[in-house]
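So this one's final-v8.tsv, TSV, C-alpha atoms:
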```tsv
chain	number	residue	atom	x	y	z
M	1458	MET	CA	0.00	0.00	0.00
M	1459	ALA	CA	1.23	3.46	-0.83
M	1460	SER	CA	2.18	5.63	2.10
M	1461	PRO	CA	0.13	8.80	2.59
M	1462	LYS	CA	3.11	10.93	1.58
M	1463	GLN	CA	3.22	9.37	-1.89
M	1464	LEU	CA	-0.40	10.37	-2.32
M	1465	SER	CA	0.22	13.94	-1.23
M	1466	ASN	CA	-1.05	16.76	-3.39
M	1467	TYR	CA	1.95	18.73	-2.16
M	1468	PRO	CA	4.99	16.46	-2.34
M	1469	ALA	CA	7.49	19.29	-1.89
M	1470	LEU	CA	5.71	20.53	1.25
M	1471	ALA	CA	5.43	16.99	2.59
M	1472	LYS	CA	9.21	16.76	2.37
M	1473	ALA	CA	9.93	20.28	3.62
M	1474	PHE	CA	8.00	19.73	6.84
M	1475	ALA	CA	9.52	17.27	9.29
M	1476	ASP	CA	7.39	15.23	11.66
M	1477	ASN	CA	8.31	17.53	14.51
M	1478	SER	CA	8.35	20.88	12.74
M	1479	ILE	CA	4.71	21.79	13.36
M	1480	ARG	CA	3.47	23.26	16.62
M	1481	VAL	CA	-0.15	24.05	17.34
M	1482	GLY	CA	-1.62	26.54	19.80
M	1483	ALA	CA	1.67	28.01	20.99
M	1484	ILE	CA	1.70	30.98	23.33
M	1485	ALA	CA	4.01	33.72	22.09
M	1486	LEU	CA	4.76	36.79	24.18
M	1487	ASP	CA	5.68	38.95	21.21
M	1488	ARG	CA	6.81	38.93	17.59
M	1489	GLU	CA	10.38	37.88	18.40
M	1490	HIS	CA	9.17	35.03	20.58
M	1491	ALA	CA	6.90	33.78	17.79
M	1492	ILE	CA	9.74	33.89	15.24
M	1493	GLU	CA	12.06	32.12	17.70
M	1494	MET	CA	9.59	29.27	18.03
M	1495	ALA	CA	9.45	28.83	14.25
M	1496	GLY	CA	13.27	28.85	14.19
M	1497	GLU	CA	13.56	26.36	17.05
M	1498	LEU	CA	11.38	23.90	15.15
M	1499	LEU	CA	13.75	24.10	12.17
M	1500	VAL	CA	16.64	23.40	14.54
M	1501	ALA	CA	14.79	20.57	16.31
M	1502	SER	CA	14.05	18.91	12.99
M	1503	GLY	CA	17.68	19.07	11.92
M	1504	ARG	CA	17.21	21.61	9.15
M	1505	SER	CA	19.17	24.54	10.58
M	1506	THR	CA	21.36	25.65	13.47
M	1507	PRO	CA	20.45	28.20	16.19
M	1508	GLU	CA	22.44	30.83	14.24
M	1509	TYR	CA	19.80	30.66	11.57
M	1510	THR	CA	17.08	31.47	14.10
M	1511	GLN	CA	19.05	34.58	14.98
M	1512	SER	CA	19.21	35.55	11.31
M	1513	MET	CA	15.42	35.23	11.11
M	1514	LEU	CA	15.17	37.72	13.99
M	1515	ASP	CA	17.77	40.00	12.40
M	1516	ALA	CA	15.79	40.12	9.15
M	1517	VAL	CA	12.78	41.57	10.94
M	1518	ALA	CA	14.89	43.90	13.05
M	1519	GLU	CA	16.48	45.27	9.84
M	1520	ASN	CA	13.57	45.36	7.44
M	1521	GLY	CA	10.50	45.49	9.64
M	1522	PRO	CA	7.33	43.42	9.54
M	1523	TYR	CA	7.36	42.83	5.78
M	1524	ILE	CA	7.26	39.07	6.45
M	1525	VAL	CA	3.56	39.38	7.30
M	1526	ILE	CA	2.40	38.62	3.78
M	1527	ALA	CA	-1.32	38.12	4.22
M	1528	PRO	CA	-3.85	38.75	6.98
M	1529	GLY	CA	-2.58	36.84	10.02
M	1530	ILE	CA	0.22	35.02	8.19
M	1531	ALA	CA	3.98	35.58	8.62
M	1532	LEU	CA	6.78	33.88	6.70
M	1533	ALA	CA	9.92	34.14	8.81
M	1534	HIS	CA	13.24	33.41	7.18
M	1535	GLY	CA	16.88	34.43	6.93
M	1536	ARG	CA	19.43	34.27	4.15
M	1537	PRO	CA	20.78	31.01	2.75
M	1538	SER	CA	23.96	30.40	4.77
M	1539	GLU	CA	26.06	27.77	6.50
M	1540	ALA	CA	23.47	27.82	9.27
M	1541	VAL	CA	21.07	26.06	6.91
M	1542	LEU	CA	21.65	22.30	6.93
M	1543	GLU	CA	18.81	21.33	4.62
M	1544	ILE	CA	15.79	22.99	3.05
M	1545	GLY	CA	12.97	23.06	5.55
M	1546	LEU	CA	9.71	24.54	6.70
M	1547	SER	CA	8.22	24.88	10.14
M	1548	LEU	CA	4.79	26.04	11.20
M	1549	VAL	CA	3.48	27.53	14.42
M	1550	THR	CA	-0.12	28.42	15.12
M	1551	LEU	CA	-0.58	30.89	17.96
M	1552	ALA	CA	-3.17	30.46	20.69
M	1553	GLU	CA	-3.46	34.24	20.92
M	1554	PRO	CA	-2.78	36.50	17.92
M	1555	VAL	CA	0.43	38.53	18.16
M	1556	VAL	CA	1.07	42.03	16.82
M	1557	PHE	CA	4.02	42.10	14.40
M	1558	GLY	CA	3.68	45.76	13.44
M	1559	SER	CA	2.15	45.15	10.01
M	1560	GLU	CA	-0.41	47.84	9.23
M	1561	ALA	CA	-2.22	45.76	6.64
M	1562	ASN	CA	-2.08	42.26	8.06
M	1563	ASP	CA	-1.80	42.30	11.87
M	1564	PRO	CA	-2.31	40.45	14.13
M	1565	VAL	CA	-0.50	37.25	13.27
M	1566	ARG	CA	-1.95	33.82	14.01
M	1567	LEU	CA	0.24	31.66	11.81
M	1568	VAL	CA	4.04	31.79	11.59
M	1569	LEU	CA	5.89	29.78	8.98
M	1570	GLY	CA	9.64	29.31	9.23
M	1571	LEU	CA	11.63	28.75	6.05
M	1572	CYS	CA	15.27	27.85	5.56
M	1573	ALA	CA	16.77	27.45	2.11
M	1574	THR	CA	20.23	26.50	0.94
M	1575	ASP	CA	20.27	28.80	-2.07
M	1576	HIS	CA	18.03	31.04	-4.15
M	1577	ASN	CA	16.53	28.39	-6.40
M	1578	SER	CA	16.21	24.89	-4.98
M	1579	HIS	CA	13.17	25.70	-2.84
M	1580	ILE	CA	11.07	27.06	-5.71
M	1581	ASP	CA	8.84	23.97	-5.90
M	1582	ILE	CA	8.17	24.33	-2.17
M	1583	MET	CA	7.22	27.96	-2.61
M	1584	ALA	CA	4.88	27.16	-5.48
M	1585	GLU	CA	3.02	24.64	-3.34
M	1586	LEU	CA	3.03	27.00	-0.38
M	1587	ALA	CA	1.48	29.73	-2.54
M	1588	THR	CA	-1.30	27.33	-3.50
M	1589	VAL	CA	-2.04	26.24	0.07
M	1590	LEU	CA	-1.90	29.74	1.54
M	1591	GLY	CA	-4.04	31.05	-1.30
M	1592	ASP	CA	-6.77	28.59	-0.43
M	1593	ALA	CA	-8.95	29.98	2.37
M	1594	GLU	CA	-10.23	26.56	3.34
M	1595	SER	CA	-6.72	25.17	3.81
M	1596	VAL	CA	-5.69	28.20	5.83
M	1597	ASN	CA	-8.74	27.73	8.06
M	1598	THR	CA	-7.86	24.08	8.54
M	1599	VAL	CA	-4.38	25.11	9.67
M	1600	LEU	CA	-5.61	27.87	11.96
M	1601	ASN	CA	-8.27	25.71	13.58
M	1602	ALA	CA	-6.21	22.54	13.94
M	1603	VAL	CA	-6.06	21.19	17.48
M	1604	ASP	CA	-2.99	19.08	16.81
M	1605	SER	CA	-0.20	18.88	14.26
M	1606	ASP	CA	-1.63	15.71	12.66
M	1607	GLN	CA	-4.59	17.68	11.37
M	1608	ILE	CA	-2.17	20.02	9.59
M	1609	ARG	CA	0.01	17.19	8.28
M	1610	LEU	CA	-3.05	15.66	6.64
M	1611	LEU	CA	-3.16	18.66	4.29
M	1612	PHE	CA	0.20	17.80	2.80
G	397	MET	CA	9.13	44.38	-19.79
G	398	LYS	CA	10.79	43.69	-16.49
G	399	ILE	CA	8.97	43.43	-13.19
G	400	ILE	CA	10.71	42.63	-9.93
G	401	ALA	CA	9.22	41.32	-6.68
G	402	VAL	CA	11.19	42.53	-3.69
G	403	CYS	CA	11.57	41.31	-0.11
G	404	GLY	CA	14.27	41.50	2.53
G	405	MET	CA	16.26	38.50	1.34
G	406	GLY	CA	14.88	37.67	-2.08
G	407	ILE	CA	14.13	34.05	-1.19
G	408	GLY	CA	10.87	33.93	0.75
G	409	THR	CA	8.11	36.45	0.49
G	410	SER	CA	9.27	37.85	-2.84
G	411	VAL	CA	9.19	34.38	-4.38
G	412	LEU	CA	5.56	33.95	-3.31
G	413	LEU	CA	4.75	37.36	-4.73
G	414	LYS	CA	6.54	36.56	-7.99
G	415	MET	CA	4.50	33.37	-8.42
G	416	ASN	CA	1.16	35.03	-7.87
G	417	ALA	CA	2.09	38.03	-10.01
G	418	GLU	CA	3.04	35.69	-12.87
G	419	LYS	CA	-0.34	33.93	-12.50
G	420	VAL	CA	-2.09	37.29	-12.78
G	421	LEU	CA	0.01	38.42	-15.76
G	422	ARG	CA	-0.83	35.22	-17.61
G	423	GLN	CA	-4.54	35.81	-16.96
G	424	LEU	CA	-4.20	39.38	-18.20
G	425	GLY	CA	-2.39	38.15	-21.29
G	426	ILE	CA	0.63	40.30	-20.52
G	427	ASP	CA	4.01	39.04	-21.58
G	428	ALA	CA	6.37	39.88	-18.72
G	429	THR	CA	8.76	38.08	-16.44
G	430	VAL	CA	8.90	38.65	-12.72
G	431	ASP	CA	12.19	38.22	-10.87
G	432	ALA	CA	12.35	37.81	-7.09
G	433	THR	CA	15.10	39.81	-5.47
G	434	SER	CA	16.29	41.39	-2.24
G	435	VAL	CA	15.93	45.02	-1.23
G	436	ALA	CA	19.70	45.50	-1.46
G	437	ILE	CA	19.86	44.26	-5.05
G	438	ALA	CA	16.68	46.10	-6.04
G	439	ARG	CA	18.20	49.37	-4.88
G	440	GLU	CA	21.03	48.89	-7.38
G	441	SER	CA	18.78	48.00	-10.28
G	442	ARG	CA	17.34	50.65	-12.56
G	443	ASP	CA	15.85	48.61	-15.38
G	444	ALA	CA	12.62	47.35	-13.82
G	445	GLN	CA	9.45	49.03	-14.99
G	446	ILE	CA	7.53	47.91	-11.93
G	447	ILE	CA	8.57	46.91	-8.43
G	448	LEU	CA	6.10	44.75	-6.51
G	449	THR	CA	6.69	44.68	-2.77
G	450	THR	CA	5.06	44.86	0.65
G	451	PRO	CA	4.00	48.25	2.04
G	452	ASP	CA	6.67	47.88	4.74
G	453	LEU	CA	9.52	48.05	2.23
G	454	VAL	CA	8.27	50.91	0.05
G	455	ASP	CA	10.28	53.55	1.91
G	456	GLN	CA	13.53	51.68	1.27
G	457	LEU	CA	12.88	51.65	-2.48
G	458	GLN	CA	12.04	55.31	-3.03
G	459	GLY	CA	14.12	57.19	-5.57
G	460	LEU	CA	14.34	54.43	-8.18
G	461	PRO	CA	12.99	55.07	-11.68
G	462	SER	CA	10.59	52.12	-11.34
G	463	GLU	CA	6.94	52.42	-10.41
G	464	ILE	CA	6.45	50.92	-6.94
G	465	VAL	CA	3.30	48.85	-6.51
G	466	PRO	CA	2.72	47.80	-2.88
G	467	ILE	CA	0.77	44.57	-2.37
G	468	GLU	CA	-0.84	44.05	1.04
G	469	HIS	CA	-2.21	40.55	0.71
G	470	PHE	CA	0.09	38.32	-1.34
G	471	PHE	CA	-2.52	35.64	-1.95
G	472	ASP	CA	-5.32	37.95	-2.98
G	473	LEU	CA	-5.15	37.59	-6.74
G	474	GLU	CA	-7.89	40.20	-7.09
G	475	GLU	CA	-5.74	42.81	-5.36
G	476	ILE	CA	-2.72	41.92	-7.49
G	477	THR	CA	-4.86	41.95	-10.64
G	478	ALA	CA	-6.40	45.33	-9.84
G	479	LYS	CA	-3.05	46.96	-9.06
G	480	LEU	CA	-1.15	45.47	-11.98
G	481	SER	CA	-4.00	46.35	-14.35
G	482	ALA	CA	-3.98	49.94	-13.15
G	483	SER	CA	-0.25	50.13	-13.85
G	484	LEU	CA	-0.06	48.21	-17.10
G	485	LEU	CA	-3.34	48.46	-18.98
```
Encoded form (structure tokens):
Amino acid sequence: MASPKQLSNYPALAKAFADNSIRVGAIALDREHAIEMAGELLVASGRSTPEYTQSMLDAVAENGPYIVIAPGIALAHGRPSEAVLEIGLSLVTLAEPVVFGSEANDPVRLVLGLCATDHNSHIDIMAELATVLGDAESVNTVLNAVDSDQIRLLF
Amino acid sequence: MKIIAVCGMGIGTSVLLKMNAEKVLRQLGIDATVDATSVAIARESRDAQIILTTPDLVDQLQGLPSEIVPIEHFFDLEEITAKLSASLL
């Protein structure tokens, strides 16, 4: 019998997320805390080192809340660097929405963490991510999930 | 015609914006490529007709010859369509 991952509509996302890179209902004190949690999941799943988490925080400190790309959704990431071990995604849903400072899209309820090894090899992941995040029903499933399995089922 | 999608690093949010902008351009029947790039590189480039970016980065891109089109909701194809149409059609 085929495994569920082979039947996935989003094979690149299925691979980019590790089993332990999704956290549901987290309590974040502020924007930095929320980004740290997304970074820690990338570290825990072997995709990056703690230095990468710092670069995710630096990106927002330098360039502001531009990572909040849609109402309630942030995509936290740093530059490709030695701190990235393998392409990966993490996902954190927040129990209470957190203000990131985005005029158009605050407050944030969903933080995605992304680490990439270069500028091109994650393009298939981004294409699938654009499809999922562009689908209101999928976003609602993610936001309302009570455990990470419910989110994994999407991919 | 050259269009660039700009974010802090050129690998995350700008790539998502590039993909949705290309979808919209295809629907509009406009022949244009969209490149994803970082703010730093965008500031050095002078050949893009349009710069797509988030409202938070507009200030950092002022002074370039390109028209800056801020997109608030990256997955709202209607917003992208309306703004690109206003600029291009």
### Task
Would you mind listing what lies within 9 Å of G:Val454 as a ChimeraX atom specification, with all atoms listed in the file counted and same-chain residues fewer than 6 positions away left out?
/G:464-466
### Residue hits in chain M, query chain G, radius 8 Å, only C-alpha atoms, as a ChimeraX atom specification
/M:1516,1520-1524,1526-1528,1532,1534-1536,1559,1561-1562,1571,1573,1576,1580,1583-1584,1586-1587,1590-1591
Would you compute an axis-aligned box for stretch 452-458 of chain G, covering every atom listed for it in the file with 4 Å of margin on each side, and report centre and edge lengths in Å to one decimal as lines of an AutoDock Vina configuration file?
```
center_x = 10.1
center_y = 51.6
center_z = 0.9
size_x = 14.9
size_y = 15.4
size_z = 15.8
```
If we count all atoms listed in the file and set the cut-off at 10 Å, which residues sit around G:Val420, ignoring sequence neighbours fewer than 5 positions away in its own chain? Please answer as a CSV table (one decimal) with C-alpha atoms, keeping the file's coordinate frame.
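selection01.csv, freshly written:
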```csv
chain,number,residue,atom,x,y,z
G,414,LYS,CA,6.5,36.6,-8.0
G,415,MET,CA,4.5,33.4,-8.4
G,425,GLY,CA,-2.4,38.2,-21.3
G,426,ILE,CA,0.6,40.3,-20.5
G,473,LEU,CA,-5.2,37.6,-6.7
G,474,GLU,CA,-7.9,40.2,-7.1
G,475,GLU,CA,-5.7,42.8,-5.4
G,476,ILE,CA,-2.7,41.9,-7.5
G,477,THR,CA,-4.9,42.0,-10.6
G,478,ALA,CA,-6.4,45.3,-9.8
G,480,LEU,CA,-1.2,45.5,-12.0
G,481,SER,CA,-4.0,46.4,-14.4
```
#### Entry: d(atom CA of M:Asp1515, atom CA of M:Thr1588) in Å
27.9 Å
### Query
atom CA of G:Leu484 and atom CA of M:Ala1531 are how many Å apart?
28.9 Å
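The coordinates place atom CA of M:Ala1552 at 5.4 Å from atom CA of M:Ala1483.
Restricting the calculation to all atoms listed in the file, the smallest distance between G:Ala438 and any of G:Ala417, G:Leu424, G:Ala401, G:Ala482 is found for G:Ala401.
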### Query
What lies within 10 Å of G:Arg439 using all atoms listed in the file, ignoring chain neighbours under 4 positions off, as number ranges by chain?
G: 402, 434-435, 456-460
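Among the candidates M:Val1603, M:Ala1518, M:Ala1469, M:Ala1491, the residue lying nearest to M:Leu1567 is M:Ala1491 (atoms considered: all atoms listed in the file).
Residues within 10 Å of stretch 1595-1601 of chain M, counting all atoms listed in the file and excluding same-chain residues fewer than 5 positions away, are Val1481, Gly1482, Gly1529, Ile1530, Leu1548, Val1549, Thr1550, Leu1551, Ala1552, Arg1566, Leu1567, Thr1588, Val1589, Leu1590, Gln1607, Ile1608, Arg1609, Leu1610 and Leu1611 of chain M.
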Show which residues sit within 8 Å of M:Val1541, as a compact mmCIF listing (two decimals) with C-alpha atoms, keeping the file's coordinate frame. Count all atoms listed in the file, and ignore same-chain residues fewer than 4 positions away.
```txt
# COMPACT_ATOMS: atom_id res chain seq x y z
CA ARG M 1504 17.21 21.61 9.15
CA SER M 1505 19.17 24.54 10.58
CA THR M 1506 21.36 25.65 13.47
CA TYR M 1509 19.80 30.66 11.57
CA PRO M 1537 20.78 31.01 2.75
CA CYS M 1572 15.27 27.85 5.56
CA ALA M 1573 16.77 27.45 2.11
CA THR M 1574 20.23 26.50 0.94
```
